[in-house]
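Chemist: Provided below: entry_9.txt, containing compact mmCIF, C-alpha atoms (C1' of nucleotides).
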# COMPACT_ATOMS: atom_id res chain seq x y z
CA MET A 168 0.00 0.00 0.00
CA GLY A 169 2.48 2.62 -1.13
CA ARG A 170 1.54 6.23 -1.66
CA PRO A 171 0.30 7.08 -5.20
CA LYS A 172 3.59 8.66 -6.13
CA ALA A 173 3.60 8.63 -9.92
CA ILE A 174 0.16 10.23 -10.18
CA ASP A 175 0.56 13.11 -7.81
CA ALA A 176 4.13 13.80 -8.79
CA ASP A 177 3.95 14.79 -12.44
CA LEU A 178 3.44 18.47 -12.22
CA THR A 179 2.71 20.42 -15.40
CA ARG A 180 2.05 24.06 -16.21
CA GLU A 181 -1.43 23.11 -17.31
CA GLY A 182 -2.11 21.16 -14.14
CA ILE A 183 -1.01 24.08 -12.01
CA ILE A 184 -3.20 26.48 -13.94
CA ASP A 185 -6.21 24.18 -13.70
CA ALA A 186 -5.75 23.86 -9.94
CA ALA A 187 -5.43 27.64 -9.67
CA ILE A 188 -8.67 28.22 -11.56
CA ARG A 189 -10.49 25.68 -9.42
CA ILE A 190 -9.28 27.35 -6.21
CA LEU A 191 -10.08 30.80 -7.59
CA ASN A 192 -13.61 29.73 -8.38
CA GLU A 193 -14.25 27.80 -5.18
CA GLU A 194 -12.41 29.93 -2.63
CA GLY A 195 -11.90 33.32 -4.22
CA LEU A 196 -8.90 35.44 -5.14
CA ASP A 197 -7.78 36.00 -1.55
CA ALA A 198 -7.27 32.25 -1.15
CA LEU A 199 -5.24 31.92 -4.34
CA SER A 200 -1.80 31.74 -2.74
CA LEU A 201 1.10 29.68 -4.03
CA ALA A 202 0.96 27.64 -0.85
CA ARG A 203 -2.71 26.85 -1.42
CA ILE A 204 -2.09 25.79 -5.02
CA ALA A 205 0.92 23.67 -4.08
CA ASN A 206 -1.06 22.02 -1.33
CA ALA A 207 -3.85 21.10 -3.75
CA LEU A 208 -1.23 19.42 -5.96
CA ASN A 209 0.49 17.58 -3.08
CA VAL A 210 3.67 19.49 -3.57
CA LYS A 211 5.69 22.13 -1.74
CA THR A 212 5.49 25.80 -2.65
CA PRO A 213 8.96 26.22 -4.19
CA ALA A 214 8.17 23.45 -6.68
CA LEU A 215 5.94 25.90 -8.54
CA TYR A 216 8.96 28.08 -9.26
CA TRP A 217 10.29 25.51 -11.65
CA TYR A 218 7.26 26.13 -13.88
CA PHE A 219 6.62 29.83 -13.29
CA LYS A 220 9.16 32.44 -12.40
CA SER A 221 6.80 34.31 -10.08
CA LYS A 222 3.26 34.45 -8.79
CA ALA A 223 2.64 37.27 -11.26
CA GLU A 224 3.57 35.06 -14.19
CA LEU A 225 1.31 32.28 -12.92
CA TYR A 226 -1.57 34.76 -12.68
CA THR A 227 -0.84 35.88 -16.23
CA TYR A 228 -1.29 32.32 -17.49
CA VAL A 229 -4.45 31.83 -15.46
CA ALA A 230 -5.86 34.90 -17.20
CA ASP A 231 -4.57 33.48 -20.48
CA ALA A 232 -6.48 30.25 -19.90
CA LEU A 233 -9.68 32.14 -19.06
CA PHE A 234 -9.38 34.21 -22.23
CA ARG A 235 -8.84 31.12 -24.38
CA GLY A 236 -11.89 29.55 -22.77
CA VAL A 237 -13.96 32.52 -23.86
CA LEU A 238 -12.68 32.37 -27.44
CA LYS A 239 -13.31 28.63 -27.67
CA GLY A 240 -17.04 29.19 -27.17
CA ILE A 241 -17.34 31.62 -30.09
CA ASP A 242 -18.45 30.58 -33.57
CA PRO A 243 -15.35 31.06 -35.77
CA SER A 244 -17.44 32.23 -38.72
CA LEU A 245 -18.64 35.35 -36.90
CA THR A 246 -17.18 38.70 -37.92
CA GLY A 247 -17.71 42.41 -37.38
CA ARG A 248 -20.35 43.67 -34.98
CA ASP A 249 -21.91 40.25 -34.50
CA LEU A 250 -18.55 39.00 -33.31
CA LEU A 251 -18.23 41.96 -30.95
CA TRP A 252 -21.64 41.21 -29.53
CA THR A 253 -20.93 37.51 -29.05
CA PHE A 254 -17.49 38.19 -27.60
CA GLY A 255 -19.00 40.56 -25.05
CA LEU A 256 -21.62 38.04 -23.99
CA ALA A 257 -19.08 35.21 -23.80
CA SER A 258 -16.67 37.28 -21.70
CA ARG A 259 -19.47 38.31 -19.42
CA ALA A 260 -20.71 34.73 -19.06
CA ASN A 261 -17.23 33.55 -18.18
CA GLN A 262 -16.83 36.22 -15.54
CA ARG A 263 -20.22 35.40 -14.07
CA THR A 264 -19.38 31.71 -13.97
CA THR A 265 -15.89 31.85 -12.49
CA ARG A 266 -15.82 33.59 -9.16
CA ASP A 267 -13.40 36.50 -8.93
CA ALA A 268 -12.32 36.02 -12.55
CA ALA A 269 -12.77 39.74 -13.17
CA LYS A 270 -10.72 40.65 -10.11
CA LEU A 271 -7.93 38.38 -11.22
CA ILE A 272 -7.93 39.84 -14.73
CA SER A 273 -7.76 43.31 -13.17
CA ILE A 274 -4.42 42.59 -11.57
CA ALA A 275 -2.96 39.95 -13.91
CA GLY A 276 -0.72 40.60 -16.86
CA VAL A 277 -1.33 39.64 -20.48
CA SER A 278 0.59 36.77 -22.05
CA GLU A 279 2.69 37.18 -25.17
CA GLU A 280 0.49 34.89 -27.23
CA ILE A 281 -2.66 36.76 -26.38
CA ARG A 282 -1.12 40.11 -27.11
CA THR A 283 0.63 39.18 -30.33
CA GLU A 284 -1.62 36.48 -31.77
CA LEU A 285 -5.09 36.02 -30.34
CA VAL A 286 -6.06 39.67 -30.01
CA PRO A 287 -4.71 40.64 -33.46
CA ALA A 288 -6.60 37.69 -34.97
CA LEU A 289 -9.74 38.80 -33.20
CA LEU A 290 -9.25 42.37 -34.44
CA ASP A 291 -8.85 41.14 -38.01
CA ARG A 292 -12.17 39.34 -37.84
CA ILE A 293 -13.88 42.39 -36.37
CA ALA A 294 -12.34 44.64 -39.03
CA LYS A 295 -14.19 42.81 -41.80
CA GLU A 296 -17.04 45.22 -41.20
CA MET A 297 -15.20 48.37 -40.15
CA THR A 298 -11.80 50.04 -40.13
CA PRO A 299 -8.99 48.59 -37.99
CA ILE A 300 -9.12 51.68 -35.80
CA GLN A 301 -12.83 51.29 -35.22
CA ALA A 302 -12.35 47.62 -34.44
CA ARG A 303 -9.71 48.39 -31.85
CA LYS A 304 -11.79 51.10 -30.22
CA ALA A 305 -14.86 48.88 -30.08
CA LEU A 306 -13.01 45.88 -28.65
CA THR A 307 -11.38 48.03 -25.98
CA ALA A 308 -14.69 49.57 -24.98
CA ILE A 309 -16.40 46.19 -24.76
CA GLN A 310 -13.65 44.64 -22.69
CA ALA A 311 -13.68 47.65 -20.37
CA LEU A 312 -17.45 47.61 -19.91
CA THR A 313 -17.56 43.87 -19.29
CA LEU A 314 -14.67 43.78 -16.86
CA GLY A 315 -15.88 46.81 -14.97
CA TRP A 316 -19.40 45.44 -14.76
CA SER A 317 -18.22 42.16 -13.28
CA VAL A 318 -15.92 43.92 -10.84
CA PHE A 319 -18.78 46.04 -9.55
CA GLU A 320 -20.97 43.00 -9.32
CA ALA A 321 -18.34 41.14 -7.29
CA ASN A 322 -18.52 43.89 -4.68
CA PRO A 323 -21.11 42.94 -2.05
CA ALA A 324 -21.93 46.57 -1.35
CA THR A 325 -22.75 47.50 -4.93
CA SER A 326 -24.13 44.21 -6.18
CA GLU A 327 -27.35 44.74 -4.26
CA VAL A 328 -27.88 48.06 -5.97
CA MET A 329 -27.09 46.58 -9.35
CA ARG A 330 -29.51 43.71 -8.99
CA ARG A 331 -32.32 46.22 -8.65
CA SER A 332 -31.79 47.27 -12.24
CA ASN A 333 -30.38 44.07 -13.72
CA ASP A 334 -32.54 40.97 -13.86
CA ASP A 335 -31.32 37.40 -14.11
CA GLY A 336 -31.21 37.67 -17.87
CA ASP A 337 -28.56 40.36 -17.43
CA ALA A 338 -30.71 42.79 -19.37
CA ALA A 339 -29.00 45.98 -18.20
CA TYR A 340 -25.57 44.73 -19.20
CA ARG A 341 -26.85 43.63 -22.60
CA GLU A 342 -28.42 47.00 -23.16
CA ALA A 343 -25.18 48.81 -22.41
CA LEU A 344 -23.28 46.36 -24.59
CA SER A 345 -25.63 46.95 -27.48
CA HIS A 346 -24.99 50.68 -27.29
CA LEU A 347 -21.28 50.06 -27.65
CA VAL A 348 -21.56 47.41 -30.34
CA TYR A 349 -24.25 48.85 -32.55
CA GLY A 350 -23.74 52.47 -31.50
CA GLU A 351 -24.63 54.82 -34.31
CA ILE A 352 -26.68 52.17 -36.08
CA HIS A 353 -29.45 52.44 -33.51
CA ARG A 354 -32.58 54.57 -33.94
CA GLU A 355 -34.72 56.13 -31.31
CA PRO A 356 -37.13 53.51 -29.95
CA MET B 4 15.86 71.61 19.04
CA GLY B 5 13.40 68.96 20.17
CA ARG B 6 11.67 66.59 17.79
CA PRO B 7 8.37 67.91 16.35
CA LYS B 8 6.33 65.67 18.61
CA ALA B 9 2.95 67.38 18.71
CA ILE B 10 2.77 67.64 14.92
CA ASP B 11 3.65 64.09 13.98
CA ALA B 12 1.77 62.54 16.85
CA ASP B 13 -1.84 63.58 16.27
CA LEU B 14 -3.10 60.84 14.05
CA THR B 15 -6.51 61.25 12.43
CA ARG B 16 -8.59 59.19 10.04
CA GLU B 17 -8.27 61.92 7.46
CA GLY B 18 -4.50 62.12 7.87
CA ILE B 19 -4.17 58.39 7.42
CA ILE B 20 -6.32 58.45 4.29
CA ASP B 21 -4.37 61.35 2.83
CA ALA B 22 -1.10 59.54 3.42
CA ALA B 23 -2.53 56.40 1.85
CA ILE B 24 -3.60 58.26 -1.28
CA ARG B 25 -0.21 59.90 -1.58
CA ILE B 26 1.57 56.55 -1.32
CA LEU B 27 -0.89 54.94 -3.72
CA ASN B 28 -0.22 57.63 -6.28
CA GLU B 29 3.53 57.79 -5.85
CA GLU B 30 4.40 54.14 -5.26
CA GLY B 31 1.44 52.12 -6.51
CA LEU B 32 -1.03 49.70 -4.96
CA ASP B 33 1.56 47.02 -4.19
CA ALA B 34 3.39 49.45 -1.91
CA LEU B 35 0.22 50.43 -0.04
CA SER B 36 0.84 48.32 3.08
CA LEU B 37 -0.13 49.31 6.59
CA ALA B 38 3.54 49.34 7.53
CA ARG B 39 4.30 51.77 4.70
CA ILE B 40 1.46 54.09 5.72
CA ALA B 41 2.41 53.96 9.39
CA ASN B 42 6.00 54.70 8.51
CA ALA B 43 4.99 57.77 6.52
CA LEU B 44 3.12 59.02 9.58
CA ASN B 45 5.97 58.29 12.03
CA VAL B 46 3.93 55.73 13.86
CA LYS B 47 3.90 51.96 14.34
CA THR B 48 1.59 49.72 12.34
CA PRO B 49 -0.80 48.68 15.14
CA ALA B 50 -1.59 52.35 15.77
CA LEU B 51 -3.70 52.36 12.60
CA TYR B 52 -5.99 49.77 14.16
CA TRP B 53 -7.32 52.33 16.55
CA TYR B 54 -8.78 54.25 13.57
CA PHE B 55 -9.66 51.41 11.20
CA LYS B 56 -10.63 47.90 12.14
CA SER B 57 -8.80 46.35 9.18
CA LYS B 58 -6.85 47.11 6.07
CA ALA B 59 -10.02 46.44 4.10
CA GLU B 60 -11.87 49.18 5.97
CA LEU B 61 -9.03 51.61 5.39
CA TYR B 62 -9.15 50.83 1.67
CA THR B 63 -12.89 51.43 1.71
CA TYR B 64 -12.36 54.92 3.04
CA VAL B 65 -9.59 55.65 0.57
CA ALA B 66 -12.04 54.78 -2.20
CA ASP B 67 -14.62 56.93 -0.40
CA ALA B 68 -12.27 59.92 -0.48
CA LEU B 69 -11.53 59.41 -4.17
CA PHE B 70 -15.24 59.29 -4.98
CA ARG B 71 -15.94 62.46 -3.02
CA GLY B 72 -13.10 64.15 -4.86
CA VAL B 73 -14.79 63.29 -8.15
CA LEU B 74 -18.14 64.65 -7.00
CA LYS B 75 -16.61 67.87 -5.72
CA GLY B 76 -15.47 68.78 -9.22
CA ILE B 77 -18.95 68.51 -10.74
CA ASP B 78 -21.25 71.48 -11.25
CA PRO B 79 -24.16 70.90 -8.81
CA SER B 80 -26.67 72.35 -11.25
CA LEU B 81 -26.12 69.59 -13.80
CA THR B 82 -28.79 66.94 -14.21
CA GLY B 83 -29.75 64.06 -16.49
CA ARG B 84 -27.52 63.04 -19.36
CA ASP B 85 -25.26 66.05 -19.03
CA LEU B 86 -24.56 65.00 -15.46
CA LEU B 87 -23.85 61.45 -16.62
CA TRP B 88 -21.42 62.76 -19.21
CA THR B 89 -19.63 65.02 -16.75
CA PHE B 90 -19.53 62.35 -14.08
CA GLY B 91 -17.93 59.92 -16.52
CA LEU B 92 -15.27 62.41 -17.55
CA ALA B 93 -14.57 63.39 -13.93
CA SER B 94 -14.22 59.78 -12.82
CA ARG B 95 -11.97 59.03 -15.74
CA ALA B 96 -9.82 62.11 -15.04
CA ASN B 97 -9.44 61.09 -11.43
CA GLN B 98 -8.38 57.58 -12.38
CA ARG B 99 -5.89 58.92 -14.90
CA THR B 100 -4.46 61.34 -12.33
CA THR B 101 -4.12 59.02 -9.35
CA ARG B 102 -1.97 56.03 -10.12
CA ASP B 103 -3.63 52.67 -9.45
CA ALA B 104 -6.85 54.36 -8.31
CA ALA B 105 -8.85 52.03 -10.54
CA LYS B 106 -7.09 48.95 -9.17
CA LEU B 107 -7.81 50.06 -5.63
CA ILE B 108 -11.47 50.68 -6.40
CA SER B 109 -11.63 47.21 -7.95
CA ILE B 110 -10.78 45.55 -4.67
CA ALA B 111 -12.06 48.09 -2.12
CA GLY B 112 -15.49 48.10 -0.50
CA VAL B 113 -18.07 50.88 -0.64
CA SER B 114 -18.71 53.02 2.42
CA GLU B 115 -22.13 53.36 4.00
CA GLU B 116 -22.39 57.05 3.19
CA ILE B 117 -21.63 56.55 -0.47
CA ARG B 118 -24.09 53.71 -0.79
CA THR B 119 -26.93 55.27 1.15
CA GLU B 120 -26.47 59.00 0.53
CA LEU B 121 -24.14 60.10 -2.26
CA VAL B 122 -25.16 57.57 -4.90
CA PRO B 123 -28.91 57.98 -4.26
CA ALA B 124 -28.49 61.76 -4.46
CA LEU B 125 -26.63 61.38 -7.72
CA LEU B 126 -29.35 59.08 -9.08
CA ASP B 127 -32.02 61.61 -8.17
CA ARG B 128 -30.27 64.30 -10.16
CA ILE B 129 -29.86 61.98 -13.13
CA ALA B 130 -33.50 60.93 -12.94
CA LYS B 131 -34.66 64.48 -13.68
CA GLU B 132 -34.44 63.54 -17.35
CA MET B 133 -35.34 59.86 -17.29
CA THR B 134 -36.90 57.15 -15.18
CA PRO B 135 -35.14 56.00 -11.99
CA ILE B 136 -34.50 52.62 -13.60
CA GLN B 137 -32.88 54.19 -16.63
CA ALA B 138 -30.79 56.40 -14.37
CA ARG B 139 -29.53 53.41 -12.42
CA LYS B 140 -28.71 51.44 -15.55
CA ALA B 141 -26.88 54.35 -17.10
CA LEU B 142 -24.84 55.14 -14.00
CA THR B 143 -23.84 51.49 -13.61
CA ALA B 144 -22.78 51.22 -17.24
CA ILE B 145 -20.73 54.40 -17.05
CA GLN B 146 -18.97 53.39 -13.86
CA ALA B 147 -18.22 49.98 -15.34
CA LEU B 148 -16.85 51.39 -18.58
CA THR B 149 -14.70 53.95 -16.81
CA LEU B 150 -13.28 51.60 -14.23
CA GLY B 151 -12.61 48.86 -16.76
CA TRP B 152 -10.96 51.29 -19.13
CA SER B 153 -8.59 52.56 -16.47
CA VAL B 154 -7.79 49.04 -15.30
CA PHE B 155 -6.83 48.01 -18.82
CA GLU B 156 -4.79 51.13 -19.20
CA ALA B 157 -2.90 50.41 -15.98
CA ASN B 158 -1.77 47.12 -17.46
CA PRO B 159 1.60 47.63 -19.19
CA ALA B 160 0.88 44.88 -21.69
CA THR B 161 -2.43 46.30 -22.90
CA SER B 162 -1.77 49.99 -22.51
CA GLU B 163 0.51 50.00 -25.54
CA VAL B 164 -2.26 48.53 -27.66
CA MET B 165 -4.77 51.00 -26.30
CA ARG B 166 -2.63 54.01 -26.98
CA ARG B 167 -2.67 53.14 -30.64
CA SER B 168 -6.38 53.89 -30.76
CA ASN B 169 -6.66 56.46 -27.99
CA ASP B 170 -4.92 59.79 -28.33
CA ASP B 171 -3.95 62.12 -25.51
CA GLY B 172 -7.34 63.73 -25.60
CA ASP B 173 -8.78 60.36 -24.61
CA ALA B 174 -10.95 60.37 -27.72
CA ALA B 175 -11.72 56.65 -27.79
CA TYR B 176 -12.94 56.64 -24.21
CA ARG B 177 -15.10 59.70 -24.83
CA GLU B 178 -16.62 58.10 -27.87
CA ALA B 179 -17.57 54.98 -25.93
CA LEU B 180 -18.90 57.11 -23.10
CA SER B 181 -21.06 59.09 -25.47
CA HIS B 182 -22.63 55.89 -26.77
CA LEU B 183 -23.62 54.96 -23.24
CA VAL B 184 -24.77 58.44 -22.20
CA TYR B 185 -26.62 59.56 -25.28
CA GLY B 186 -27.37 56.06 -26.63
CA GLU B 187 -30.60 56.05 -28.59
CA ILE B 188 -30.52 59.80 -29.06
CA HIS B 189 -27.69 59.53 -31.57
CA ARG B 190 -28.18 59.48 -35.32
CA GLU B 191 -26.04 57.92 -37.95
CA PRO B 192 -23.14 60.27 -38.75
C1' DA C 284 -8.00 57.61 24.85
C1' DC C 285 -4.23 56.52 22.21
C1' DC C 286 0.01 54.16 20.95
C1' DT C 287 3.88 50.57 21.35
C1' DG C 288 6.36 45.96 21.71
C1' DA C 289 6.05 41.52 21.11
C1' DA C 290 4.14 37.70 19.18
C1' DC C 291 1.41 34.94 15.68
C1' DA C 292 0.33 32.76 11.31
C1' DC C 293 0.95 33.52 6.74
C1' DC C 294 3.00 35.24 2.43
C1' DG C 295 6.37 35.29 -1.93
C1' DT C 296 10.97 34.30 -3.07
C1' DT C 297 15.75 32.34 -3.08
C1' DC C 298 18.93 28.69 -3.01
C1' DA C 299 21.77 24.95 -1.59
C1' DA C 300 20.90 20.28 -1.33
C1' DG C 301 18.95 16.05 -2.63
C1' DT C 302 17.25 12.52 -6.24
C1' DA D 14 15.44 17.67 -14.77
C1' DC D 15 12.65 18.21 -10.96
C1' DC D 16 11.51 18.84 -6.13
C1' DT D 17 12.40 19.74 -0.98
C1' DG D 18 14.04 22.02 3.44
C1' DA D 19 15.48 25.82 5.35
C1' DA D 20 15.91 30.49 5.57
C1' DC D 21 14.70 35.47 4.49
C1' DA D 22 12.08 39.73 4.56
C1' DC D 23 7.62 41.14 4.69
C1' DC D 24 2.64 41.05 5.57
C1' DG D 25 -2.02 41.75 8.43
C1' DT D 26 -3.74 41.12 12.92
C1' DT D 27 -4.11 40.59 18.04
C1' DC D 28 -3.30 41.98 22.61
C1' DA D 29 -1.19 42.94 26.93
C1' DA D 30 1.23 46.72 28.48
C1' DG D 31 2.38 51.43 28.81
C1' DT D 32 1.17 56.60 29.05
Let me see whether you can do it: turn the structure in this file into structure tokens.
Modeler:
Amino acid sequence: MGRPKAIDADLTREGIIDAAIRILNEEGLDALSLARIANALNVKTPALYWYFKSKAELYTYVADALFRGVLKGIDPSLTGRDLLWTFGLASRANQRTTRDAAKLISIAGVSEEIRTELVPALLDRIAKEMTPIQARKALTAIQALTLGWSVFEANPATSEVMRRSNDDGDAAYREALSHLVYGEIHREP
Amino acid sequence: MGRPKAIDADLTREGIIDAAIRILNEEGLDALSLARIANALNVKTPALYWYFKSKAELYTYVADALFRGVLKGIDPSLTGRDLLWTFGLASRANQRTTRDAAKLISIAGVSEEIRTELVPALLDRIAKEMTPIQARKALTAIQALTLGWSVFEANPATSEVMRRSNDDGDAAYREALSHLVYGEIHREP
DNA sequence: ACCTGAACACCGTTCAAGT
DNA sequence: ACCTGAACACCGTTCAAGT
């Protein structure tokens, strides 16, 4: 009856990130310490430093994984404003699903691949219907609105106020998003 | 030539908050520890616990002070959408001026007075031109956009990307804000 | 009433040492 | 190549003790 050594021992970047996301979601950002992650993986804290050079870098790759998760749920044939709309909803859904995801994104860095590959690719798809400048402005605005909305919602003091104007279908958020996405296209109701 | 005892000694809540804001602005959120604040006030760390019951409460009142600073700069005769517009710009200006203000707001709580007095008063002024529900939705959206925008901007990795579409006059932010404030009023250009 | 000294548990990080 | 043990400086918080 030896200890299950081989199973618990093989640490990987992906395994560490998965454990981090699980802890983030179940216990919140305050609980997301290196010691807590290491403990969940049956390993000592310094072991994590072989895979990540700092806690900041680990956080960056947690945010990276969350972002990829959002993109994976989006129909690859979408472009332009429809893509903006769907991206906003998917980001929002992810931040509503994973506790403290928005808080983590607020303080985490952005990985090389996201900055140099995924975001440019996303911008190209958006720019099928508008200029590159417009695409960049719109994407920035949507990310800002979504992140800020989730951050406010995570705050116990403000969330009560927000719920008074935002039903379970997230109508208020969707309304604000539509103003940013479809902006000048809209008419008076 | 005695030490200036009487001056350095009289600690107040306001003095602590002022010191905290100065450190936040000059050294960033990571440096905003109780030890650092106490040191700036020539006092030991536990002394702060006589004025605030925790670091979280202190942060709440720092955010409180920042919010009041924003309100102070707004013409009290403004109402409705013009108030929304001015409030957005004032919040944004404050978050651009004070380093890491947006990050602090992201993690800080909301004080009683802000939640029960200042925000309701603000909503009343906004609701002169629209329904209370619309006022609440609009204020939430504007706070979310502004906070999220500043958070993204504070991130070294994303700020470079953002600057490519946002000039010094903050045009991209203002454009997004106008979509939220004036929404359905707008026509196609 | 107001502040300190000392102690506590915890944190991120480094590094020599083991395998 | 991969992980541990031990140590470091720092953190928030508590509390008896001083004035």
Chemist: Can you list every residue of chain B that has an atom at most 9 Å from chain C, with its nearest atom pair and the distance in Å to one decimal, using only C-alpha atoms (C1' of nucleotides), ordered by chain then number, as CSV?
Modeler:
residue,atom,partner,partner_atom,distance
B:Val46,CA,C:DC286,C1',8.3
B:Lys47,CA,C:DT287,C1',7.1
B:Pro49,CA,C:DT287,C1',8.0
B:Ala50,CA,C:DC286,C1',5.7
B:Trp53,CA,C:DC285,C1',7.7
Chemist: Please report the interatomic distance between CA of Thr63 (chain B) and CA of Val113 (chain B) in Å with one decimal.
Modeler: 5.7 Å
Chemist: Any idea what the distance is between CA of Arg330 (chain A) and CA of Ala343 (chain A)?
Modeler: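 Interatomic distance here is 15.0 Å.
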Chemist: For the atom pair CA of Leu256 (chain A) and CA of Ala198 (chain A), what is the interatomic distance in Å to one decimal place?
Modeler: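 Atom-to-atom, CA of Leu256 (chain A) to CA of Ala198 (chain A), that is 27.6 Å.
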Chemist: Between B:Arg39, B:Arg139, B:Arg16, B:Arg177, single out the one closest to chain A, counting only C-alpha atoms.
Modeler: B:Arg139
Chemist: Go through A:Arg263, A:Arg282, A:Arg248, A:Lys295 and flag the residue nearest chain B, using all atoms listed in the file for the distances.
Modeler: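 For chain B, the nearest of the given residues is A:Arg282.
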Chemist: Excluding Leu125 (chain B) and any residue of its chain fewer than 2 positions from it, enumerate the residues within 10 Å of it, using only C-alpha atoms (C1' of nucleotides), and give them as a short mmCIF file (atom, residue, chain, number, x, y, z; two decimals) with C-alpha atoms, keeping the file's coordinate frame.
Modeler:
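Everything below was put into part_11.cif:
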data_model
loop_
_atom_site.label_atom_id
_atom_site.label_comp_id
_atom_site.auth_asym_id
_atom_site.auth_seq_id
_atom_site.Cartn_x
_atom_site.Cartn_y
_atom_site.Cartn_z
CA LEU B 74 -18.14 64.65 -7.00
CA PRO B 79 -24.16 70.90 -8.81
CA THR B 82 -28.79 66.94 -14.21
CA GLY B 83 -29.75 64.06 -16.49
CA LEU B 86 -24.56 65.00 -15.46
CA LEU B 87 -23.85 61.45 -16.62
CA PHE B 90 -19.53 62.35 -14.08
CA GLU B 120 -26.47 59.00 0.53
CA LEU B 121 -24.14 60.10 -2.26
CA VAL B 122 -25.16 57.57 -4.90
CA PRO B 123 -28.91 57.98 -4.26
CA ASP B 127 -32.02 61.61 -8.17
CA ARG B 128 -30.27 64.30 -10.16
CA ILE B 129 -29.86 61.98 -13.13
CA ALA B 130 -33.50 60.93 -12.94
CA ALA B 138 -30.79 56.40 -14.37
CA ARG B 139 -29.53 53.41 -12.42
CA LEU B 142 -24.84 55.14 -14.00
#
Chemist: Just add all heavy atoms to region 239-244 of chain A and send it as an mmCIF file, in the coordinates of the input.
Modeler:
data_model
loop_
_atom_site.group_PDB
_atom_site.id
_atom_site.type_symbol
_atom_site.label_atom_id
_atom_site.label_comp_id
_atom_site.auth_asym_id
_atom_site.auth_seq_id
_atom_site.Cartn_x
_atom_site.Cartn_y
_atom_site.Cartn_z
ATOM 1 N N LYS A 239 -12.933 29.962 -27.208
ATOM 2 C CA LYS A 239 -13.310 28.630 -27.670
ATOM 3 C C LYS A 239 -14.826 28.499 -27.862
ATOM 4 O O LYS A 239 -15.294 27.708 -28.669
ATOM 5 C CB LYS A 239 -12.831 27.570 -26.663
ATOM 6 C CG LYS A 239 -12.510 26.239 -27.307
ATOM 7 C CD LYS A 239 -12.098 25.196 -26.279
ATOM 8 C CE LYS A 239 -10.915 25.644 -25.428
ATOM 9 N NZ LYS A 239 -10.441 24.584 -24.522
ATOM 10 N N GLY A 240 -15.587 29.286 -27.088
ATOM 11 C CA GLY A 240 -17.040 29.190 -27.170
ATOM 12 C C GLY A 240 -17.652 30.041 -28.264
ATOM 13 O O GLY A 240 -18.874 30.117 -28.373
ATOM 14 N N ILE A 241 -16.830 30.702 -29.084
ATOM 15 C CA ILE A 241 -17.340 31.620 -30.090
ATOM 16 C C ILE A 241 -17.257 31.024 -31.488
ATOM 17 O O ILE A 241 -16.197 30.555 -31.911
ATOM 18 C CB ILE A 241 -16.563 32.956 -30.037
ATOM 19 C CG1 ILE A 241 -16.793 33.624 -28.674
ATOM 20 C CG2 ILE A 241 -16.977 33.872 -31.176
ATOM 21 C CD1 ILE A 241 -16.049 34.924 -28.512
ATOM 22 N N ASP A 242 -18.370 31.064 -32.188
ATOM 23 C CA ASP A 242 -18.450 30.580 -33.570
ATOM 24 C C ASP A 242 -17.381 31.262 -34.435
ATOM 25 O O ASP A 242 -17.383 32.480 -34.590
ATOM 26 C CB ASP A 242 -19.847 30.912 -34.108
ATOM 27 C CG ASP A 242 -20.064 30.413 -35.533
ATOM 28 O OD1 ASP A 242 -19.064 30.091 -36.206
ATOM 29 O OD2 ASP A 242 -21.222 30.350 -35.962
ATOM 30 N N PRO A 243 -16.469 30.472 -35.022
ATOM 31 C CA PRO A 243 -15.350 31.060 -35.770
ATOM 32 C C PRO A 243 -15.759 31.754 -37.067
ATOM 33 O O PRO A 243 -14.938 32.436 -37.679
ATOM 34 C CB PRO A 243 -14.442 29.845 -36.068
ATOM 35 C CG PRO A 243 -15.272 28.643 -35.846
ATOM 36 C CD PRO A 243 -16.387 29.014 -34.926
ATOM 37 N N SER A 244 -17.016 31.588 -37.465
ATOM 38 C CA SER A 244 -17.440 32.230 -38.720
ATOM 39 C C SER A 244 -17.960 33.645 -38.476
ATOM 40 O O SER A 244 -18.187 34.398 -39.417
ATOM 41 C CB SER A 244 -18.518 31.389 -39.400
ATOM 42 O OG SER A 244 -19.731 31.468 -38.666
#
